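Novice: Input file: entry27.pdb. Contents: PDB, C-alpha atoms.
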ATOM      1  CA  MET B   1     -33.087  36.879 -58.254
ATOM      2  CA  GLU B   2     -34.441  37.811 -54.854
ATOM      3  CA  GLN B   3     -34.436  34.127 -53.779
ATOM      4  CA  LYS B   4     -30.806  33.810 -54.840
ATOM      5  CA  SER B   5     -29.739  36.827 -52.812
ATOM      6  CA  ARG B   6     -31.641  35.527 -49.781
ATOM      7  CA  ARG B   7     -29.827  32.213 -50.035
ATOM      8  CA  GLN B   8     -26.470  33.992 -50.270
ATOM      9  CA  ARG B   9     -27.283  35.979 -47.120
ATOM     10  CA  GLU B  10     -28.196  32.746 -45.268
ATOM     11  CA  LEU B  11     -24.917  31.147 -46.339
ATOM     12  CA  ALA B  12     -23.003  34.221 -45.219
ATOM     13  CA  ASP B  13     -24.786  34.163 -41.838
ATOM     14  CA  ARG B  14     -23.994  30.488 -41.345
ATOM     15  CA  LYS B  15     -20.375  31.097 -42.253
ATOM     16  CA  SER B  16     -20.079  33.983 -39.815
ATOM     17  CA  GLN B  17     -21.708  31.884 -37.045
ATOM     18  CA  ARG B  18     -19.236  29.073 -37.633
ATOM     19  CA  HIS B  19     -16.386  31.575 -37.557
ATOM     20  CA  ARG B  20     -17.595  33.093 -34.267
ATOM     21  CA  LYS B  21     -17.997  29.612 -32.732
ATOM     22  CA  ARG B  22     -14.495  28.657 -33.820
ATOM     23  CA  LEU B  23     -13.089  31.844 -32.286
ATOM     24  CA  ARG B  24     -14.998  31.187 -29.057
ATOM     25  CA  ASP B  25     -13.652  27.638 -28.855
ATOM     26  CA  LEU B  26     -10.113  28.882 -29.490
ATOM     27  CA  ASN B  27     -10.460  31.505 -26.773
ATOM     28  CA  MET B  28     -11.740  28.916 -24.295
ATOM     29  CA  ALA B  29      -8.881  26.550 -25.154
ATOM     30  CA  ALA B  30      -6.337  29.346 -24.787
ATOM     31  CA  ALA B  31      -7.789  30.370 -21.427
ATOM     32  CA  TRP B  32      -7.762  26.778 -20.188
ATOM     33  CA  CYS B  33      -4.157  26.293 -21.304
ATOM     34  CA  LEU B  34      -3.166  29.524 -19.584
ATOM     35  CA  HIS B  35      -4.970  28.482 -16.384
ATOM     36  CA  LEU B  36      -3.383  25.041 -16.452
ATOM     37  CA  GLY B  37       0.019  26.510 -17.124
ATOM     38  CA  LEU B  38      -0.345  28.929 -14.260
ATOM     39  CA  ARG B  39      -1.312  26.133 -11.913
ATOM     40  CA  LEU B  40       1.310  23.607 -12.932
ATOM     41  CA  GLY B  41       4.214  25.480 -14.396
ATOM     42  CA  LEU B  42       4.411  28.929 -12.901
ATOM     43  CA  ARG B  43       5.984  27.908  -9.623
ATOM     44  CA  ARG B  44       8.548  25.714 -11.297
ATOM     45  CA  ALA B  45       9.165  28.313 -13.978
ATOM     46  CA  ARG B  46       9.758  30.972 -11.344
ATOM     47  CA  ALA B  47      12.238  28.719  -9.575
ATOM     48  CA  TRP B  48      13.989  27.903 -12.843
ATOM     49  CA  LEU B  49      14.166  31.508 -14.028
ATOM     50  CA  LEU B  50      15.727  32.805 -10.816
ATOM     51  CA  PRO B  51      19.531  32.702 -11.187
ATOM     52  CA  PRO B  52      21.327  30.791  -8.414
ATOM     53  CA  PRO B  53      23.929  32.576  -6.291
ATOM     54  CA  ALA B  54      27.480  32.418  -7.539
ATOM     55  CA  HIS B  55      28.765  30.760  -4.358
ATOM     56  CA  CYS B  56      26.001  28.132  -4.101
ATOM     57  CA  LEU B  57      25.126  25.109  -6.168
ATOM     58  CA  PRO B  58      21.538  24.868  -7.491
ATOM     59  CA  ARG B  59      20.799  21.726  -5.459
ATOM     60  CA  ASP B  60      21.796  23.513  -2.234
ATOM     61  CA  LEU B  61      19.325  26.382  -2.621
ATOM     62  CA  HIS B  62      16.647  24.683  -0.515
ATOM     63  CA  LYS B  63      19.159  24.143   2.306
ATOM     64  CA  GLN B  64      20.061  27.764   2.992
ATOM     65  CA  ASP B  65      17.117  28.714   5.187
ATOM     66  CA  ASP B  66      17.180  25.431   7.095
ATOM     67  CA  ALA B  67      20.901  25.676   7.782
ATOM     68  CA  LYS B  68      20.565  29.317   8.841
ATOM     69  CA  GLN B  69      17.791  28.398  11.256
ATOM     70  CA  ALA B  70      19.775  25.424  12.567
ATOM     71  CA  ASN B  71      22.734  27.602  13.546
ATOM     72  CA  SER B  72      20.652  30.334  15.169
ATOM     73  CA  ASP B  73      20.228  29.438  18.853
ATOM     74  CA  ILE B  74      21.365  25.848  19.556
ATOM     75  CA  PRO B  75      25.118  25.129  19.845
ATOM     76  CA  LEU B  76      25.694  22.463  17.221
ATOM     77  CA  ASP B  77      29.137  21.651  18.651
ATOM     78  CA  ARG B  78      27.411  20.328  21.773
ATOM     79  CA  LEU B  79      25.250  17.931  19.791
ATOM     80  CA  THR B  80      26.050  14.547  18.293
ATOM     81  CA  ILE B  81      24.569  14.546  14.787
ATOM     82  CA  SER B  82      24.432  11.447  12.611
ATOM     83  CA  TYR B  83      22.554  10.275   9.536
ATOM     84  CA  CYS B  84      21.239   6.857   8.576
ATOM     85  CA  ARG B  85      18.948   5.167   6.073
ATOM     86  CA  SER B  86      15.416   6.524   6.038
ATOM     87  CA  SER B  87      12.119   4.799   5.379
ATOM     88  CA  GLY B  88      10.301   8.097   4.836
ATOM     89  CA  PRO B  89       9.816  10.163   1.657
ATOM     90  CA  GLY B  90      12.477   9.927  -0.998
ATOM     91  CA  GLY B  91      11.154   8.190  -4.080
ATOM     92  CA  GLN B  92      13.953   6.170  -5.647
ATOM     93  CA  ASN B  93      16.333   7.272  -2.885
ATOM     94  CA  VAL B  94      14.475   5.394  -0.137
ATOM     95  CA  ASN B  95      16.820   2.969   1.657
ATOM     96  CA  LYS B  96      19.670   4.162  -0.584
ATOM     97  CA  VAL B  97      20.886   7.426   0.933
ATOM     98  CA  ASN B  98      21.416   8.512   4.536
ATOM     99  CA  SER B  99      18.695  11.140   4.848
ATOM    100  CA  LYS B 100      17.335  10.307   8.318
ATOM    101  CA  ALA B 101      18.772  12.701  10.922
ATOM    102  CA  GLU B 102      19.529  11.714  14.507
ATOM    103  CA  VAL B 103      20.470  14.294  17.132
ATOM    104  CA  ARG B 104      21.524  13.403  20.656
ATOM    105  CA  PHE B 105      23.062  15.253  23.586
ATOM    106  CA  HIS B 106      23.687  14.592  27.269
ATOM    107  CA  LEU B 107      20.809  16.287  29.029
ATOM    108  CA  ALA B 108      22.345  16.538  32.521
ATOM    109  CA  THR B 109      25.453  18.395  31.266
ATOM    110  CA  ALA B 110      23.667  20.627  28.737
ATOM    111  CA  ASP B 111      24.531  23.932  30.464
ATOM    112  CA  TRP B 112      22.986  25.912  27.593
ATOM    113  CA  ILE B 113      19.607  24.864  29.033
ATOM    114  CA  ALA B 114      18.488  26.094  32.445
ATOM    115  CA  GLU B 115      18.574  23.550  35.255
ATOM    116  CA  PRO B 116      14.818  23.631  36.065
ATOM    117  CA  VAL B 117      14.033  23.258  32.379
ATOM    118  CA  ARG B 118      16.335  20.246  32.119
ATOM    119  CA  GLN B 119      14.663  18.622  35.100
ATOM    120  CA  ARG B 120      11.213  19.048  33.577
ATOM    121  CA  MET B 121      12.461  17.732  30.229
ATOM    122  CA  ALA B 122      13.939  14.679  31.946
ATOM    123  CA  ILE B 123      10.565  13.921  33.538
ATOM    124  CA  THR B 124       8.383  14.697  30.537
ATOM    125  CA  HIS B 125      10.540  12.999  27.875
ATOM    126  CA  LYS B 126      12.001  10.140  29.884
ATOM    127  CA  ASN B 127      11.145   7.670  27.099
ATOM    128  CA  LYS B 128      13.561   9.488  24.764
ATOM    129  CA  ILE B 129      16.535   9.283  27.143
ATOM    130  CA  ASN B 130      18.837   6.255  26.958
ATOM    131  CA  LYS B 131      20.791   4.623  29.780
ATOM    132  CA  SER B 132      23.710   7.004  29.224
ATOM    133  CA  GLY B 133      21.489  10.003  29.882
ATOM    134  CA  GLU B 134      21.390  11.149  26.263
ATOM    135  CA  LEU B 135      18.248  12.691  24.824
ATOM    136  CA  ILE B 136      17.758  11.227  21.332
ATOM    137  CA  LEU B 137      15.652  12.829  18.618
ATOM    138  CA  THR B 138      15.151  11.596  15.059
ATOM    139  CA  SER B 139      13.419  12.902  11.963
ATOM    140  CA  GLU B 140      12.755  11.377   8.541
ATOM    141  CA  SER B 141       9.928  13.618   7.395
ATOM    142  CA  SER B 142      11.881  14.892   4.386
ATOM    143  CA  ARG B 143      14.199  13.447   1.750
ATOM    144  CA  TYR B 144      16.894  16.036   2.550
ATOM    145  CA  GLN B 145      19.353  15.819   5.427
ATOM    146  CA  PHE B 146      19.284  19.525   6.261
ATOM    147  CA  ARG B 147      15.503  19.614   6.539
ATOM    148  CA  ASN B 148      15.461  16.597   8.838
ATOM    149  CA  LEU B 149      18.215  18.178  10.917
ATOM    150  CA  ALA B 150      16.218  21.413  11.144
ATOM    151  CA  ASP B 151      13.179  19.365  12.207
ATOM    152  CA  CYS B 152      15.164  17.751  15.033
ATOM    153  CA  LEU B 153      16.410  21.136  16.216
ATOM    154  CA  GLN B 154      12.873  22.490  16.116
ATOM    155  CA  LYS B 155      11.784  19.591  18.310
ATOM    156  CA  ILE B 156      14.457  20.591  20.829
ATOM    157  CA  ARG B 157      13.198  24.180  20.774
ATOM    158  CA  ASP B 158       9.626  23.009  21.329
ATOM    159  CA  MET B 159      10.707  20.844  24.257
ATOM    160  CA  ILE B 160      12.577  23.729  25.843
ATOM    161  CA  ALA B 161       9.646  26.092  25.319
ATOM    162  CA  GLU B 162       7.207  23.574  26.779
ATOM    163  CA  ALA B 163       9.411  22.911  29.822
ATOM    164  CA  SER B 164       9.974  26.639  30.347
ATOM    165  CA  GLN B 165       6.291  27.286  30.924
ATOM    166  CA  PRO B 166       5.454  27.750  34.616
ATOM    167  CA  ALA B 167       3.564  24.923  36.223
ATOM    168  CA  LYS B 168      -0.145  25.636  36.339
ATOM    169  CA  GLU B 169      -1.631  25.257  39.810
ATOM    170  CA  PRO B 170      -4.862  23.259  39.736
ATOM    171  CA  SER B 171      -7.964  25.064  40.922
ATOM    172  CA  LYS B 172     -10.372  23.710  43.512
ATOM    173  CA  GLU B 173     -12.773  22.556  40.809
ATOM    174  CA  ASP B 174      -9.999  20.698  39.021
ATOM    175  CA  ALA B 175      -8.908  19.019  42.245
ATOM    176  CA  VAL B 176     -12.479  17.893  42.970
ATOM    177  CA  LEU B 177     -12.908  16.553  39.434
ATOM    178  CA  LYS B 178      -9.611  14.701  39.628
ATOM    179  CA  ARG B 179     -10.558  13.094  42.966
ATOM    180  CA  ILE B 180     -13.942  12.041  41.594
ATOM    181  CA  ARG B 181     -12.302  10.614  38.484
ATOM    182  CA  ILE B 182      -9.833   8.588  40.540
ATOM    183  CA  GLU B 183     -12.620   7.270  42.781
ATOM    184  CA  ASN B 184     -14.658   6.184  39.768
ATOM    185  CA  MET B 185     -11.622   4.452  38.243
ATOM    186  CA  ASN B 186     -10.934   2.575  41.484
ATOM    187  CA  ARG B 187     -14.583   1.611  41.813
ATOM    188  CA  GLU B 188     -14.651   0.272  38.254
ATOM    189  CA  ARG B 189     -11.391  -1.610  38.805
ATOM    190  CA  LEU B 190     -12.730  -3.319  41.938
ATOM    191  CA  ARG B 191     -15.966  -4.210  40.153
ATOM    192  CA  LYS B 192     -14.046  -5.928  37.352
ATOM    193  CA  LYS B 193     -11.939  -7.790  39.886
ATOM    194  CA  ARG B 194     -15.066  -9.112  41.625
ATOM    195  CA  ILE B 195     -16.492 -10.234  38.282
ATOM    196  CA  ASN B 196     -13.269 -12.068  37.367
ATOM    197  CA  SER B 197     -13.123 -13.647  40.810
ATOM    198  CA  ALA B 198     -16.714 -14.916  40.457
ATOM    199  CA  ILE B 199     -15.916 -16.374  37.021
ATOM    200  CA  LYS B 200     -12.840 -18.209  38.335
ATOM    201  CA  THR B 201     -14.794 -19.499  41.338
ATOM    202  CA  SER B 202     -17.506 -20.916  39.074
ATOM    203  CA  ARG B 203     -14.860 -22.810  37.083
ATOM    204  CA  ARG B 204     -13.573 -24.712  40.081
ATOM    205  CA  VAL B 205     -14.421 -28.401  40.226
ATOM    206  CA  ASP B 206     -15.314 -29.963  43.566
ATOM    207  CA  MET B 207     -13.197 -33.101  43.953
ATOM    208  CA  ASP B 208     -15.345 -34.589  46.813
TER     209      ASP B 208
END
Produce structure tokens that represent the structure in this file.
Specialist:
Amino acid sequence: MEQKSRRQRELADRKSQRHRKRLRDLNMAAAWCLHLGLRLGLRRARAWLLPPPAHCLPRDLHKQDDAKQANSDIPLDRLTISYCRSSGPGGQNVNKVNSKAEVRFHLATADWIAEPVRQRMAITHKNKINKSGELILTSESSRYQFRNLADCLQKIRDMIAEASQPAKEPSKEDAVLKRIRIENMNRERLRKKRINSAIKTSRRVDMD
């Protein structure tokens, strides 16, 4: 009788251990699913659950901030804006939709930029100015037109900010280092010329 009761207790202990293990596995699986859902689905779920404005289509939600920033400080009526096929991001829309933005304006007549700033921009970014004097900027970093347009306008702002900085006067140490660097470059250039001249002289054939 005592042996039978002992065996029943062992069976009950094994059953309770299996039950606790099953509960632990279920808790771990639930925690992992919750963690995975938070990582993958929470951002999208938040975007889906937010109701769109009544005056705006859902696809145009991402364009509001970019368009607001684009109209803030640069006169868009003074710019020539066009769109063309992009080779950048876009998935199935690559080479199918005009998502690449191109912004150009005549730099010499851009009176909304100070004259000294325009002169520095013309010197610094001369490779981006065509024969007509237009500064051309392009962007295809995004699959959306408004984001590429905002990127082009941000490039204009960065150029203006860079050209607006006062010219830094070189110190005496910088001038000495620059002179030494130029002398070393000239010395190396002359050395290479002498080596090439010696090689060409050794290749000559005496016809006598």
Novice: Which residue out of B:Gln145, B:Leu76, B:Ala122, B:Ile180 has the minimum interatomic distance to Val97 of chain B when all atoms listed in the file are used?
Specialist: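 Ranked by minimum distance to Val97 of chain B, first place goes to B:Gln145.
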Novice: Please identify all polymer residues within 9 Å of Pro116 of chain B, counting only C-alpha atoms, omitting same-chain residues fewer than 3 positions from it, and present them as a PyMOL selection string.
Specialist: chain B and resi 113+119-121+163-164
Novice: Nearest residue to Asp73 of chain B out of B:Ser202, B:Gln154, B:Ser171, B:Ser139, using only C-alpha atoms?
Specialist: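 Closest to Asp73 of chain B, using only C-alpha atoms: B:Gln154.
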Novice: Could you tell me how far atom CA of Thr109 of chain B lies from atom CA of Ile129 of chain B, in Å and to one decimal?
Specialist: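 Going from atom CA of Thr109 of chain B over to atom CA of Ile129 of chain B, I get 13.4 Å.
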Novice: Could you please determine the separation between atom CA of Arg203 of chain B and atom CA of Met185 of chain B in Å, to one decimal place?
Specialist: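 Computed distance, atom CA of Arg203 of chain B to atom CA of Met185 of chain B, equals 27.5 Å.
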Novice: For a test of reading the model, state the distance in Å between atom CA of Ala101 of chain B and atom CA of Thr138 of chain B, rounded to one decimal.
Specialist: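 A separation of 5.6 Å between them.
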Novice: Given 6 Å of margin on each side, can you work out the centre and size in Å (one decimal) of an axis-aligned box holding every listed atom of segment 117-124 of chain B, as JSON?
Specialist:
{"center_x": 12.4, "center_y": 18.6, "center_z": 32.7, "size_x": 20.0, "size_y": 21.3, "size_z": 16.9}
